[in-house]
Amino acid sequence: ASLFTAIEMAPRDPILGITEAFNADKNPAKINLGVGVYYDNNGKVPLLDCVKKAEAILMEKGAPRTYLPIDGLAAYDKAVQELVFGAGSAVINEKRAITAQAIGGTGALKLGADFLQRFAPGAQVWISDPSWENHRALFESAGFTVNNYPYYDPSTRGVNFSGMLGALQTMPSGSIVLLHACCHNPTGADLSAAQWLEVIQVVTERGLVPFLDMAYQGFGDGIEADGKVVRQFADAGGPLFVSNSFSKSFSLYGERVGALSIVAVSAEEAARLLSQLKRVIRTNYSNPPMHGGQVVAMALATPELRQLWEDELAGMRVRIREMRQLLVAKLKEKAPAHDFDFVIQQRGMFSYSGLTKEQVSRLASEYSIYAVDTGRICVAALNSTNIDKVVEAISKVL
Ligand code: PMP
């Protein structure tokens, strides 16, 4: 027997499993709506022009590949901080915010989880029901007990806000509450502005620790609008954790560009937190990779590239919205007995479509259309070529 004889096979990643099944499907007309990636109207993952231009400038410069500082490229951290909290915001002016480049949004969450485990080991973590499936795994692997607060209400296809608020009102003080800043994954159901204000009030009053995950800034109602809740939380004081990702908004999935920001109550506290956060990074991977951070820093800080990025991001956002409208309009024709209007209200790349596990399974076996068995479809994978097939198939399995 080897040392590892007793080790069992780990469960398969549910989302990656869909891609495997999709890849194995021989039908040339197959469609994958199970992904978490934005595709353009030609079904391709875009390489943004702002990225190409920034890369051209970087190539021209031909900078040596030294190590970055432990907390990443300073210009990147500064640009991210201004994007997330607003240039000239109180937390930045008062030096109460710290930001460290991270290995994507996932890396940012992991840093935050490890940091909190060191300094708040007794706290429990609360995530939405449902949430991005890696949230639970990340915080559990950092050593936390992870609970769910009510979030999605299948009967209204919206947020069970009274349930959520009730849970926030009864969690022990010091609990860590993970919130999706915008474009909730997997449901697409976001809080209204008024509901956010209530959440901020309860979280602040009850001494809960908010951890905002913002993986889709710019995919909901715009860069400013989507980031607003982060600023409102920051204005409410500290502590506040914010993980953000450029995987989607810059279409830089494989470059792994994200950041963790923490808001402290004073500049002096912020300096202590940063020194400790650097230790967490140092003992994980020492320092982050250069390329993606350089591209994003240059695009955010160069006015012409910044404008280009905002326009390209708006293009992605608008295309997703159009696909939502089109999906609903076409389903109205093909399946008039079913109401899909909620799909238009949802935000971001995803829709909890209301399709059952059985219906999703039939879509795959009979039509080679793949979705997550919770009914989550990626609206950003729809395009003018595949949407009719998707609508036809959905109308048949309903
Ligand atoms: N949080 C949420 C809610 C996400 O959906 C994702 C990506 N699917 C992430 C974090 C992680 O982002 P990244 O791919 O940059 O690690």
# chains A, B, ... in the order shown; residues from 1 in each chain; ligands from 1
>>> residues_around(residues="A:His291", least_positions_apart="2", cutoff="10 Å", atoms="only C-alpha atoms", output="list in words")
Glu55, Leu58, Arg65, Glu255, Arg256, Val257, Pro288, Pro289, Gly293, Gln294, Val295, Val296 and Ala297 of chain A
>>> write_last_selection(atoms="N, CA and C atoms", output="PDB file, in the first residue's frame")
ATOM      1  N   GLU A  55      -0.714  46.148 -24.660  1.00  0.00           N
ATOM      2  CA  GLU A  55       0.332  45.127 -24.860  1.00  0.00           C
ATOM      3  C   GLU A  55       1.374  45.600 -25.872  1.00  0.00           C
ATOM      4  N   LEU A  58       3.683  47.867 -24.121  1.00  0.00           N
ATOM      5  CA  LEU A  58       4.556  47.113 -23.202  1.00  0.00           C
ATOM      6  C   LEU A  58       5.635  46.351 -23.973  1.00  0.00           C
ATOM      7  N   ARG A  65      11.818  41.270 -16.720  1.00  0.00           N
ATOM      8  CA  ARG A  65      10.837  40.575 -15.887  1.00  0.00           C
ATOM      9  C   ARG A  65      11.381  40.371 -14.479  1.00  0.00           C
ATOM     10  N   GLU A 255      -5.078  35.529 -17.612  1.00  0.00           N
ATOM     11  CA  GLU A 255      -3.963  36.300 -17.049  1.00  0.00           C
ATOM     12  C   GLU A 255      -4.061  36.417 -15.533  1.00  0.00           C
ATOM     13  N   ARG A 256      -5.201  36.081 -14.974  1.00  0.00           N
ATOM     14  CA  ARG A 256      -5.412  36.068 -13.532  1.00  0.00           C
ATOM     15  C   ARG A 256      -5.147  37.428 -12.895  1.00  0.00           C
ATOM     16  N   VAL A 257      -5.992  38.390 -13.232  1.00  0.00           N
ATOM     17  CA  VAL A 257      -5.833  39.731 -12.653  1.00  0.00           C
ATOM     18  C   VAL A 257      -7.011  40.100 -11.764  1.00  0.00           C
ATOM     19  N   PRO A 288       2.799  38.483  -7.159  1.00  0.00           N
ATOM     20  CA  PRO A 288       1.936  38.100  -8.293  1.00  0.00           C
ATOM     21  C   PRO A 288       2.662  38.221  -9.638  1.00  0.00           C
ATOM     22  N   PRO A 289       2.062  37.639 -10.700  1.00  0.00           N
ATOM     23  CA  PRO A 289       2.653  37.760 -12.035  1.00  0.00           C
ATOM     24  C   PRO A 289       2.478  39.170 -12.601  1.00  0.00           C
ATOM     25  N   GLY A 293      -1.369  42.532 -14.777  1.00  0.00           N
ATOM     26  CA  GLY A 293      -1.409  43.732 -13.939  1.00  0.00           C
ATOM     27  C   GLY A 293      -0.898  44.952 -14.692  1.00  0.00           C
ATOM     28  N   GLN A 294       0.154  44.748 -15.482  1.00  0.00           N
ATOM     29  CA  GLN A 294       0.696  45.864 -16.270  1.00  0.00           C
ATOM     30  C   GLN A 294      -0.309  46.333 -17.313  1.00  0.00           C
ATOM     31  N   VAL A 295      -0.940  45.372 -17.970  1.00  0.00           N
ATOM     32  CA  VAL A 295      -1.918  45.716 -19.014  1.00  0.00           C
ATOM     33  C   VAL A 295      -3.070  46.519 -18.405  1.00  0.00           C
ATOM     34  N   VAL A 296      -3.613  46.007 -17.318  1.00  0.00           N
ATOM     35  CA  VAL A 296      -4.769  46.673 -16.703  1.00  0.00           C
ATOM     36  C   VAL A 296      -4.367  48.035 -16.139  1.00  0.00           C
ATOM     37  N   ALA A 297      -3.203  48.108 -15.497  1.00  0.00           N
ATOM     38  CA  ALA A 297      -2.761  49.395 -14.938  1.00  0.00           C
ATOM     39  C   ALA A 297      -2.629  50.420 -16.053  1.00  0.00           C
TER      40      ALA A 297
END
>>> closest_atom_pairs(of="stretch 276-342 of chain A", to="stretch 220-232 of chain A", cutoff="8 Å", atoms="only C-alpha atoms", output="CSV")
residue,atom,partner,partner_atom,distance
A:Glu310,CA,A:Ile223,CA,8.0
A:Ala314,CA,A:Gly222,CA,7.2
A:Arg317,CA,A:Gly220,CA,6.9
>>> closest_residue(among="A:Val91, A:Ile15, A:Val265, A:Val343", to="ligand 1", atoms="only C-alpha atoms and all ligand atoms")
A:Ile15
>>> select_by_dssp(residues="stretch 88-276 of chain A", states="alpha helix (DSSP H)", output="PyMOL selection string")
chain A and resi 90-93+104-119+133-141+161-170+193-205+223-235+267-276
>>> closest_atom_pairs(of="chain A", to="ligand 1", cutoff="7 Å", atoms="only C-alpha atoms and all ligand atoms", output="CSV")
residue,atom,partner,partner_atom_place_in_ligand_line,distance
A:Gly36,CA,ligand 1,8 (N),5.8
A:Ile103,CA,ligand 1,16 (O),6.9
A:Gly104,CA,ligand 1,15 (O),3.6
A:Gly105,CA,ligand 1,15 (O),3.7
A:Thr106,CA,ligand 1,16 (O),3.6
A:Gly107,CA,ligand 1,16 (O),6.2
A:Trp132,CA,ligand 1,3 (C),5.2
A:His180,CA,ligand 1,3 (C),6.5
A:His184,CA,ligand 1,3 (C),6.7
A:Asn185,CA,ligand 1,3 (C),5.2
A:Asp213,CA,ligand 1,1 (N),5.8
A:Met214,CA,ligand 1,1 (N),6.6
A:Ala215,CA,ligand 1,1 (N),5.0
A:Ser245,CA,ligand 1,15 (O),4.6
A:Phe246,CA,ligand 1,15 (O),6.2
A:Ser247,CA,ligand 1,15 (O),4.7
A:Tyr253,CA,ligand 1,14 (O),6.0
A:Arg256,CA,ligand 1,15 (O),5.9
A:Val257,CA,ligand 1,15 (O),6.3
A:Gly258,CA,ligand 1,15 (O),5.9
>>> write_last_selection(atoms="C-alpha atoms", output="compact mmCIF listing (two decimals), in the first residue's frame")
# COMPACT_ATOMS: atom_id res chain seq x y z
CA GLY A 36 -18.97 31.64 -17.06
CA ILE A 103 -4.30 36.08 -8.73
CA GLY A 104 -7.72 36.83 -10.16
CA GLY A 105 -10.84 37.31 -8.10
CA THR A 106 -10.41 33.81 -6.72
CA GLY A 107 -6.94 34.68 -5.44
CA TRP A 132 -20.79 30.98 -6.67
CA HIS A 180 -22.08 39.99 -4.43
CA HIS A 184 -25.16 37.92 -8.67
CA ASN A 185 -23.68 34.59 -9.73
CA ASP A 213 -17.09 40.19 -4.15
CA MET A 214 -17.14 42.19 -7.37
CA ALA A 215 -16.31 39.94 -10.31
CA SER A 245 -11.60 40.70 -10.80
CA PHE A 246 -10.76 41.83 -14.32
CA SER A 247 -11.21 38.37 -15.79
CA TYR A 253 -9.45 35.28 -17.85
CA ARG A 256 -5.41 36.07 -13.53
CA VAL A 257 -5.83 39.73 -12.65
CA GLY A 258 -7.71 40.72 -9.54
>>> residues_around(residues="A:Lys78", least_positions_apart="2", cutoff="10 Å", atoms="only C-alpha atoms", output="PyMOL selection string")
chain A and resi 73-76+80-84+87+92+98-101+297+300-301
>>> select_by_dssp(residues="stretch 262-381 of chain A", states="strand (DSSP E)", output="MDAnalysis selection string")
chainID A and resid 262:263 350:352 369:370 376:378
>>> residues_around(residues="A:Ser173", least_positions_apart="5", cutoff="7 Å", atoms="only C-alpha atoms", output="MDAnalysis selection string")
chainID A and resid 206:208
>>> closest_residue(among="A:Phe342, A:Tyr352, A:Phe85, A:Tyr67", to="A:Phe241", atoms="only C-alpha atoms")
A:Phe85
>>> closest_residue(among="A:Leu327, A:Val199, A:Leu355, A:Leu277", to="A:Gln169", atoms="only C-alpha atoms")
A:Val199
>>> atom_distance(atom1="atom CA of A:Pro69", atom2="atom CA of A:Ser286")
8.7 Å
>>> atom_distance(atom1="atom CA of A:Asn32", atom2="atom CA of A:Val51")
25.9 Å
>>> closest_residue(among="A:Ile320, A:Phe340, A:Asp13, A:Lys53", to="A:Leu308", atoms="only C-alpha atoms")
A:Lys53
>>> closest_residue(among="A:Val202, A:Val391, A:Leu178, A:Met290", to="A:Leu240", atoms="only C-alpha atoms")
A:Leu178
